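A.B. asks: What follows is input_36.cif; its format and atoms are mmCIF, C-alpha atoms.
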data_protein
#
loop_
_atom_site.label_atom_id
_atom_site.label_comp_id
_atom_site.auth_asym_id
_atom_site.auth_seq_id
_atom_site.Cartn_x
_atom_site.Cartn_y
_atom_site.Cartn_z
CA MET A 1 0.00 0.00 0.00
CA LYS A 2 2.77 2.44 0.95
CA LYS A 3 4.58 1.97 -2.36
CA SER A 4 1.37 2.34 -4.37
CA TYR A 5 0.45 5.54 -2.55
CA GLU A 6 3.92 7.02 -2.96
CA ASN A 7 3.95 6.21 -6.68
CA GLU A 8 0.45 7.34 -7.58
CA GLY A 9 -0.88 9.48 -4.72
CA TYR A 10 -3.98 7.38 -4.22
CA ILE A 11 -5.26 3.88 -3.46
CA HIS A 12 -8.70 2.61 -4.45
CA LEU A 13 -9.81 -0.27 -2.24
CA GLU A 14 -12.98 -1.89 -3.48
CA GLN A 15 -15.29 -3.50 -0.88
CA PHE A 16 -13.08 -2.33 1.97
CA PHE A 17 -16.17 -2.16 4.17
CA VAL A 18 -19.13 -4.49 4.49
CA GLU A 19 -22.67 -3.17 4.42
CA ASP A 20 -23.25 -3.60 8.16
CA GLU A 21 -20.32 -1.25 8.90
CA LEU A 22 -21.94 1.60 6.98
CA ILE A 23 -25.55 1.53 8.19
CA ASP A 24 -24.99 3.41 11.47
CA LEU A 25 -22.44 5.74 9.86
CA GLU A 26 -24.89 6.70 7.12
CA ALA A 27 -27.64 7.37 9.68
CA ILE A 28 -25.40 9.72 11.68
CA VAL A 29 -24.08 11.49 8.59
CA SER A 30 -27.59 11.91 7.16
CA ARG A 31 -28.89 13.47 10.38
CA PHE A 32 -25.88 15.81 10.46
CA HIS A 33 -26.44 16.78 6.84
CA GLU A 34 -30.14 17.51 7.31
CA LYS A 35 -29.43 19.86 10.23
CA TRP A 36 -26.45 21.43 8.46
CA LEU A 37 -28.57 22.19 5.40
CA ALA A 38 -31.24 23.83 7.54
CA GLU A 39 -28.66 26.18 9.10
CA ASN A 40 -26.64 26.81 5.95
CA ASP A 41 -29.37 27.08 3.33
CA THR A 42 -28.05 30.34 1.82
CA GLU A 43 -24.48 29.10 1.55
CA TYR A 44 -25.64 25.81 0.03
CA LYS A 45 -27.74 27.59 -2.57
CA ASN A 46 -24.77 29.85 -3.32
CA GLY A 47 -22.57 26.91 -4.29
CA LEU A 48 -21.17 25.03 -1.29
CA ILE A 49 -20.51 21.37 -2.04
CA ASN A 50 -19.08 20.22 1.30
CA SER A 51 -19.35 20.64 5.04
CA HIS A 52 -16.83 19.84 7.75
CA SER A 53 -16.28 19.22 11.44
CA LEU A 54 -18.83 16.45 11.87
CA THR A 55 -17.17 15.42 15.15
CA SER A 56 -17.61 18.86 16.71
CA GLY A 57 -20.95 17.65 18.04
CA LYS A 58 -22.86 20.69 16.79
CA PHE A 59 -25.42 18.72 14.82
CA ILE A 60 -25.18 15.26 16.39
CA SER A 61 -25.71 13.77 19.83
CA ALA A 62 -22.97 12.83 22.29
CA ASN A 63 -23.50 9.14 21.54
CA GLU A 64 -23.31 9.76 17.79
CA ARG A 65 -20.13 11.76 18.25
CA LEU A 66 -18.55 8.87 20.15
CA ASP A 67 -19.71 6.46 17.43
CA LEU A 68 -17.94 8.61 14.83
CA PHE A 69 -14.72 8.63 16.83
CA GLN A 70 -14.92 4.86 17.20
CA PHE A 71 -15.46 4.45 13.47
CA ILE A 72 -12.47 6.69 12.67
CA ALA A 73 -10.19 4.90 15.14
CA GLN A 74 -11.17 1.34 14.19
CA ASP A 75 -8.34 -1.13 13.65
CA LYS A 76 -8.49 -1.61 9.90
CA ILE A 77 -8.49 2.13 9.20
CA ASN A 78 -5.75 2.71 11.77
CA GLN A 79 -3.58 -0.04 10.26
CA LEU A 80 -3.92 1.43 6.79
CA VAL A 81 -3.15 4.94 8.05
CA ASN A 82 -0.01 3.71 9.80
CA GLU A 83 1.15 1.86 6.70
CA ILE A 84 0.70 4.82 4.38
CA PHE A 85 2.33 7.36 6.69
CA TYR A 86 5.19 5.15 7.94
CA PRO A 87 7.70 6.11 9.31
CA GLU A 88 5.83 9.29 10.25
CA LYS A 89 3.09 9.22 12.89
CA ALA A 90 -0.21 10.26 11.34
CA LYS A 91 -2.73 12.39 13.20
CA PHE A 92 -6.42 13.14 12.70
CA LEU A 93 -7.12 16.55 11.19
CA ASN A 94 -10.86 16.78 10.47
CA THR A 95 -13.86 15.25 8.72
CA GLN A 96 -15.76 16.47 5.70
CA LEU A 97 -18.98 15.57 3.95
CA PHE A 98 -19.24 15.97 0.16
CA PHE A 99 -22.55 16.31 -1.66
CA ASP A 100 -23.96 17.64 -4.92
CA PRO A 101 -24.41 21.40 -5.46
CA PHE A 102 -27.86 22.95 -5.27
CA ASN A 103 -27.46 24.24 -8.83
CA GLN A 104 -27.30 21.17 -11.08
CA LEU A 105 -25.48 23.24 -13.73
CA GLN A 106 -22.67 24.19 -11.34
CA LYS A 107 -19.33 23.01 -12.69
CA ASN A 108 -16.66 21.20 -10.72
CA TYR A 109 -13.09 22.47 -10.59
CA TRP A 110 -9.53 21.17 -10.60
CA HIS A 111 -7.56 22.11 -7.51
CA ARG A 112 -4.96 21.15 -4.95
CA ASP A 113 -6.13 21.66 -1.37
CA ILE A 114 -2.78 23.26 -0.55
CA GLN A 115 -3.63 26.23 -2.78
CA TYR A 116 -6.10 27.38 -0.11
CA THR A 117 -3.62 27.41 2.79
CA GLY A 118 -2.15 30.86 2.21
CA LEU A 119 1.21 29.57 0.96
CA ASN A 120 2.73 31.18 -2.13
CA LEU A 121 3.38 29.08 -5.23
CA GLU A 122 7.03 28.39 -4.45
CA GLU A 123 6.13 27.26 -0.94
CA GLN A 124 3.42 24.99 -2.34
CA ARG A 125 5.84 23.42 -4.84
CA GLU A 126 8.24 22.65 -2.01
CA LYS A 127 5.70 21.40 0.53
CA ILE A 128 4.13 18.79 -1.74
CA LYS A 129 7.50 17.02 -2.00
CA TYR A 130 7.24 15.77 1.59
CA GLN A 131 4.01 16.91 3.25
CA ASN A 132 1.11 14.45 3.55
CA VAL A 133 -2.50 15.44 3.97
CA VAL A 134 -4.57 12.40 3.07
CA HIS A 135 -8.31 11.91 2.59
CA PHE A 136 -9.96 8.59 3.38
CA ARG A 137 -13.13 8.90 1.30
CA ILE A 138 -16.08 6.65 2.15
CA PRO A 139 -18.89 6.88 -0.42
CA LEU A 140 -22.27 6.21 1.17
CA ARG A 141 -23.87 6.00 -2.28
CA ALA A 142 -22.54 4.86 -5.63
CA GLU A 143 -21.11 7.93 -7.34
CA ALA A 144 -19.20 9.09 -10.40
CA GLY A 145 -16.30 9.63 -8.01
CA ILE A 146 -13.15 11.68 -8.36
CA GLU A 147 -10.97 12.60 -11.30
CA LEU A 148 -7.32 12.99 -10.39
CA ILE A 149 -3.92 13.27 -11.97
CA PRO A 150 -1.70 10.48 -10.60
CA ASN A 151 1.67 11.36 -9.07
CA THR A 152 0.91 15.09 -8.81
CA HIS A 153 0.94 14.74 -5.03
CA ARG A 154 4.75 15.01 -5.42
CA THR A 155 5.17 16.75 -8.79
CA TRP A 156 4.05 20.14 -10.05
CA ASP A 157 1.49 20.88 -12.77
CA LEU A 158 2.25 20.75 -16.45
CA GLU A 159 1.71 24.15 -18.07
CA GLU A 160 -1.79 23.32 -19.33
CA GLU A 161 -2.78 21.87 -15.95
CA PHE A 162 -1.63 24.97 -14.10
CA GLU A 163 -3.50 27.28 -16.47
CA VAL A 164 -6.69 25.26 -16.08
CA ARG A 165 -6.40 24.92 -12.30
CA MET A 166 -5.79 28.67 -11.90
CA SER A 167 -8.20 29.73 -14.70
CA LEU A 168 -5.52 31.50 -16.72
CA ASN A 169 -5.36 32.42 -20.43
CA ASN A 170 -9.08 31.92 -21.06
CA ARG A 171 -9.07 28.45 -19.56
CA LYS A 172 -11.58 27.38 -16.91
CA ALA A 173 -10.98 25.24 -13.83
CA SER A 174 -13.66 22.85 -15.11
CA ASP A 175 -11.90 22.17 -18.44
CA SER A 176 -10.88 18.60 -19.22
CA LEU A 177 -7.23 17.63 -18.74
CA PRO A 178 -5.50 14.88 -20.77
CA ARG A 179 -3.88 13.19 -17.79
CA GLY A 180 -7.04 13.07 -15.69
CA LYS A 181 -8.04 9.63 -14.40
CA LEU A 182 -11.63 9.05 -13.35
CA ILE A 183 -12.25 6.75 -10.40
CA ALA A 184 -15.88 5.76 -9.94
CA LEU A 185 -16.83 4.74 -6.41
CA GLN A 186 -19.29 2.22 -5.04
CA ARG A 187 -20.76 2.00 -1.57
CA THR A 188 -18.36 -0.12 0.59
CA ASP A 189 -15.32 1.24 -1.32
CA LEU A 190 -12.57 3.32 0.23
CA LEU A 191 -10.56 5.87 -1.74
CA VAL A 192 -7.36 7.08 -0.11
CA PHE A 193 -5.87 10.10 -1.88
CA SER A 194 -3.51 12.99 -1.27
CA ALA A 195 -5.17 16.36 -0.81
CA ASN A 196 -2.11 17.91 -2.45
CA MET A 197 -2.61 16.23 -5.83
CA ILE A 198 -4.53 17.83 -8.69
CA HIS A 199 -8.09 16.51 -8.46
CA ARG A 200 -11.76 17.36 -8.78
CA GLY A 201 -14.97 15.79 -7.53
CA ILE A 202 -17.52 14.68 -10.11
CA TYR A 203 -21.02 15.88 -9.28
CA GLY A 204 -24.21 13.93 -9.86
CA GLN A 205 -25.89 10.73 -8.64
CA ASP A 206 -26.85 12.47 -5.38
CA ARG A 207 -23.40 11.83 -3.95
CA LEU A 208 -22.82 11.65 -0.21
CA SER A 209 -19.22 10.91 0.76
CA PHE A 210 -17.75 10.98 4.25
CA ASP A 211 -14.07 11.96 4.35
CA ILE A 212 -11.66 11.42 7.22
CA ILE A 213 -8.52 13.53 6.89
CA PHE A 214 -5.13 12.61 8.37
CA PHE A 215 -1.79 14.42 8.24
CA ASP A 216 1.79 13.84 9.32
CA ASN A 217 1.77 16.28 12.23
CA HIS A 218 3.69 19.17 10.66
CA ASP A 219 3.13 22.40 12.58
CA ASP A 220 1.98 24.29 9.49
CA ILE A 221 -0.94 21.86 9.14
CA ALA A 222 -1.54 21.28 12.85
CA LYS A 223 -2.49 24.95 13.17
CA PHE A 224 -5.71 24.16 11.30
CA ILE A 225 -6.89 21.71 13.96
CA ASP A 226 -10.04 22.79 15.77
CA LYS A 227 -9.98 21.25 19.24
CA ARG A 228 -13.77 21.04 19.24
CA ASN A 229 -13.39 18.25 16.67
CA LEU A 230 -11.22 16.15 18.99
CA PRO A 231 -12.41 13.67 21.62
CA SER A 232 -12.45 14.67 25.28
CA SER A 233 -10.32 12.76 27.76
CA THR A 234 -13.40 10.76 28.72
CA GLU A 235 -14.11 9.90 25.09
CA LEU A 236 -10.46 9.01 24.49
CA GLY A 237 -10.71 6.45 27.26
CA LYS A 238 -13.41 4.65 25.29
CA LEU A 239 -11.42 4.45 22.05
CA ILE A 240 -8.97 1.98 20.63
CA ASN A 241 -6.10 3.68 18.79
CA GLY A 242 -6.99 6.98 20.49
CA GLU A 243 -3.46 8.26 19.96
CA ILE A 244 -4.41 9.15 16.39
CA PHE A 245 -6.27 12.15 17.85
CA ILE A 246 -3.42 13.44 20.05
CA SER A 247 -1.32 15.98 18.19
#
Translate this file's structure into structure tokens.
C.D. replies:
Amino acid sequence: MKKSYENEGYIHLEQFFVEDELIDLEAIVSRFHEKWLAENDTEYKNGLINSHSLTSGKFISANERLDLFQFIAQDKINQLVNEIFYPEKAKFLNTQLFFDPFNQLQKNYWHRDIQYTGLNLEEQREKIKYQNVVHFRIPLRAEAGIELIPNTHRTWDLEEEFEVRMSLNNRKASDSLPRGKLIALQRTDLLVFSANMIHRGIYGQDRLSFDIIFFDNHDDIAKFIDKRNLPSSTELGKLINGEIFIS
């Protein structure tokens, strides 16, 4: 797994979960999403396609919050995280939920998550050579998936890719790119991918994907941790592999 991730920047594991493992997760996520939509109706209608901080407890009960922490810290996820990040010690950063836009004509966009961190281009080019911010995407419905450009978690854009990603020279961030690889996802799959690589989500099919995000504990990423998303000491005592939450 480690070698595959380092070479390509992603791993697609089909049928990583069994159906019974997703039923409770989907119920919690759906309740969160319903309440989030009610509070963020304007932002959703203005184009938002994801929410975050599901473990903050704002829209779920204390028991549901603990269930989410237990799901995140389960052995088979923890083992995969450790393998991919080895020899670094991975830490939990946040959760996100991805869904379709309100406007069905809204176009998706190529991006690297690192472009939104405030770093200049030269800093971004350097950071992707060693920094790891990794999404564990769990589709709760079959979806068109993600289109990504393999190996760009460590290498910079080709000229055309940069112009498209940054909407330069009359190009748009939604334009097709020759090196793009589409990965369709089924319920029970797991897609592990670097947030630093060039990628875009594909809208449609009423997607609902739960993402768990891990990083390799660099200070410049750790500053984005919101402590409200972390388990309390009491909750930690009820978790296996609770060290994943301790930065």
A.B. asks: Quick one: what's the axis-aligned box for segment 161-164 of chain A, all listed atoms, 6 Å on every side, centre and edges in Å to one decimal, as JSON?
C.D. replies:
{"center_x": -4.2, "center_y": 24.6, "center_z": -15.3, "size_x": 17.1, "size_y": 17.4, "size_z": 14.4}
A.B. asks: Which is closest to Ile244 of chain A among A:Pro178, A:Asp75, A:Ala38, A:Leu148, if we use all atoms listed in the file?
C.D. replies: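 Between A:Pro178, A:Asp75, A:Ala38, A:Leu148, the residue approaching Ile244 of chain A most closely is A:Asp75.
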A.B. asks: Residue by residue, what does the PyMOL selection byres ((chain A and resi 181-185) around 7) grab here? Present the result as a ChimeraX atom specification.
C.D. replies: /A:139,142-149,179-180,186-187,189
A.B. asks: Restricting the calculation to all atoms listed in the file: of A:Phe17, A:Arg228, A:Phe69, A:Glu122, which residue gets closest to Glu243 of chain A?
C.D. replies: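 Closest candidate: A:Phe69.
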A.B. asks: Which value, in Å to one decimal, gives the distance between atom CA of Pro150 of chain A and atom CA of Lys91 of chain A?
C.D. replies: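 Taking atom CA of Pro150 of chain A as the start and atom CA of Lys91 of chain A as the end point, the length is 23.9 Å.
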A.B. asks: Nearest residue to Ser232 of chain A out of A:Ser4, A:Gln15, A:Ser56, A:Thr117, using all atoms listed in the file?
C.D. replies: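 Going through A:Ser4, A:Gln15, A:Ser56, A:Thr117 one by one, the smallest distance to Ser232 of chain A is for A:Ser56.
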A.B. asks: How many Å lie between atom CA of Asn170 of chain A and atom CA of Glu43 of chain A, rounded to one decimal?
C.D. replies: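 Going from atom CA of Asn170 of chain A over to atom CA of Glu43 of chain A covers 27.5 Å.
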A.B. asks: Evaluate the PyMOL selection byres ((chain A and resi 10) around 10) here and jot the selected residues down as a list in words.
C.D. replies: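 With the PyMOL selection byres ((chain A and resi 10) around 10) on this model, the match is Met1, Lys2, Ser4, Tyr5, Glu6, Asn7, Glu8, Gly9, Ile11, His12, Leu13, Val134, His135, Phe136, Leu148, Ile149, Pro150, Asn151, His153, Leu191, Val192, Phe193, Ser194, Ala195 and Met197 of chain A.
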A.B. asks: With 7 Å as the threshold, what does the neighbourhood of (-10.8, 12.5, 11.8) contain in terms of residues, counting only C-alpha atoms? Coordinates are those of the file; answer as an mmCIF file with C-alpha atoms, keeping the file's coordinate frame.
C.D. replies:
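Writing the result to part.cif gives the following:
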data_model
loop_
_atom_site.group_PDB
_atom_site.id
_atom_site.type_symbol
_atom_site.label_atom_id
_atom_site.label_comp_id
_atom_site.auth_asym_id
_atom_site.auth_seq_id
_atom_site.Cartn_x
_atom_site.Cartn_y
_atom_site.Cartn_z
ATOM 1 C CA ILE A 72 -12.470 6.690 12.670
ATOM 2 C CA PHE A 92 -6.420 13.140 12.700
ATOM 3 C CA LEU A 93 -7.120 16.550 11.190
ATOM 4 C CA ASN A 94 -10.860 16.780 10.470
ATOM 5 C CA THR A 95 -13.860 15.250 8.720
ATOM 6 C CA ILE A 212 -11.660 11.420 7.220
ATOM 7 C CA ILE A 213 -8.520 13.530 6.890
ATOM 8 C CA PHE A 214 -5.130 12.610 8.370
#
A.B. asks: Can you take the partial segment 86-107 of chain A, add N, CA and C atoms, and return it as an mmCIF file, in the frame of the given file?
C.D. replies:
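Now in rebuild_1.cif:
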data_model
loop_
_atom_site.group_PDB
_atom_site.id
_atom_site.type_symbol
_atom_site.label_atom_id
_atom_site.label_comp_id
_atom_site.auth_asym_id
_atom_site.auth_seq_id
_atom_site.Cartn_x
_atom_site.Cartn_y
_atom_site.Cartn_z
ATOM 1 N N TYR A 86 3.920 5.639 7.377
ATOM 2 C CA TYR A 86 5.190 5.150 7.940
ATOM 3 C C TYR A 86 6.383 5.750 7.181
ATOM 4 N N PRO A 87 7.439 6.203 7.867
ATOM 5 C CA PRO A 87 7.700 6.110 9.310
ATOM 6 C C PRO A 87 7.150 7.267 10.133
ATOM 7 N N GLU A 88 6.435 8.200 9.502
ATOM 8 C CA GLU A 88 5.830 9.290 10.250
ATOM 9 C C GLU A 88 4.637 8.783 11.063
ATOM 10 N N LYS A 89 4.264 9.540 12.086
ATOM 11 C CA LYS A 89 3.090 9.220 12.890
ATOM 12 C C LYS A 89 1.930 10.100 12.453
ATOM 13 N N ALA A 90 0.931 9.504 11.845
ATOM 14 C CA ALA A 90 -0.210 10.260 11.340
ATOM 15 C C ALA A 90 -1.100 10.729 12.489
ATOM 16 N N LYS A 91 -1.781 11.849 12.243
ATOM 17 C CA LYS A 91 -2.730 12.390 13.200
ATOM 18 C C LYS A 91 -4.023 12.775 12.475
ATOM 19 N N PHE A 92 -5.108 12.751 13.221
ATOM 20 C CA PHE A 92 -6.420 13.140 12.700
ATOM 21 C C PHE A 92 -6.486 14.654 12.568
ATOM 22 N N LEU A 93 -6.985 15.118 11.427
ATOM 23 C CA LEU A 93 -7.120 16.550 11.190
ATOM 24 C C LEU A 93 -8.581 17.005 11.269
ATOM 25 N N ASN A 94 -9.462 16.336 10.509
ATOM 26 C CA ASN A 94 -10.860 16.780 10.470
ATOM 27 C C ASN A 94 -11.684 15.753 9.679
ATOM 28 N N THR A 95 -12.960 16.021 9.588
ATOM 29 C CA THR A 95 -13.860 15.250 8.720
ATOM 30 C C THR A 95 -14.550 16.222 7.779
ATOM 31 N N GLN A 96 -14.975 15.692 6.636
ATOM 32 C CA GLN A 96 -15.760 16.470 5.700
ATOM 33 C C GLN A 96 -16.868 15.594 5.122
ATOM 34 N N LEU A 97 -17.896 16.260 4.626
ATOM 35 C CA LEU A 97 -18.980 15.570 3.950
ATOM 36 C C LEU A 97 -19.168 16.241 2.588
ATOM 37 N N PHE A 98 -19.120 15.446 1.513
ATOM 38 C CA PHE A 98 -19.240 15.970 0.160
ATOM 39 C C PHE A 98 -20.573 15.556 -0.448
ATOM 40 N N PHE A 99 -21.219 16.517 -1.103
ATOM 41 C CA PHE A 99 -22.550 16.310 -1.660
ATOM 42 C C PHE A 99 -22.671 17.109 -2.956
ATOM 43 N N ASP A 100 -23.760 16.928 -3.667
ATOM 44 C CA ASP A 100 -23.960 17.640 -4.920
ATOM 45 C C ASP A 100 -24.342 19.097 -4.668
ATOM 46 N N PRO A 101 -23.996 19.988 -5.602
ATOM 47 C CA PRO A 101 -24.410 21.400 -5.460
ATOM 48 C C PRO A 101 -25.905 21.567 -5.652
ATOM 49 N N PHE A 102 -26.443 22.634 -5.098
ATOM 50 C CA PHE A 102 -27.860 22.950 -5.270
ATOM 51 C C PHE A 102 -28.182 23.196 -6.745
ATOM 52 N N ASN A 103 -27.309 23.934 -7.412
ATOM 53 C CA ASN A 103 -27.460 24.240 -8.830
ATOM 54 C C ASN A 103 -26.893 23.076 -9.649
ATOM 55 N N GLN A 104 -27.747 22.339 -10.339
ATOM 56 C CA GLN A 104 -27.300 21.170 -11.080
ATOM 57 C C GLN A 104 -26.405 21.526 -12.263
ATOM 58 N N LEU A 105 -26.352 22.806 -12.636
ATOM 59 C CA LEU A 105 -25.480 23.240 -13.730
ATOM 60 C C LEU A 105 -24.125 23.726 -13.225
ATOM 61 N N GLN A 106 -23.949 23.755 -11.906
ATOM 62 C CA GLN A 106 -22.670 24.190 -11.340
ATOM 63 C C GLN A 106 -21.555 23.246 -11.768
ATOM 64 N N LYS A 107 -20.432 23.812 -12.187
ATOM 65 C CA LYS A 107 -19.330 23.010 -12.690
ATOM 66 C C LYS A 107 -18.315 22.713 -11.597
#
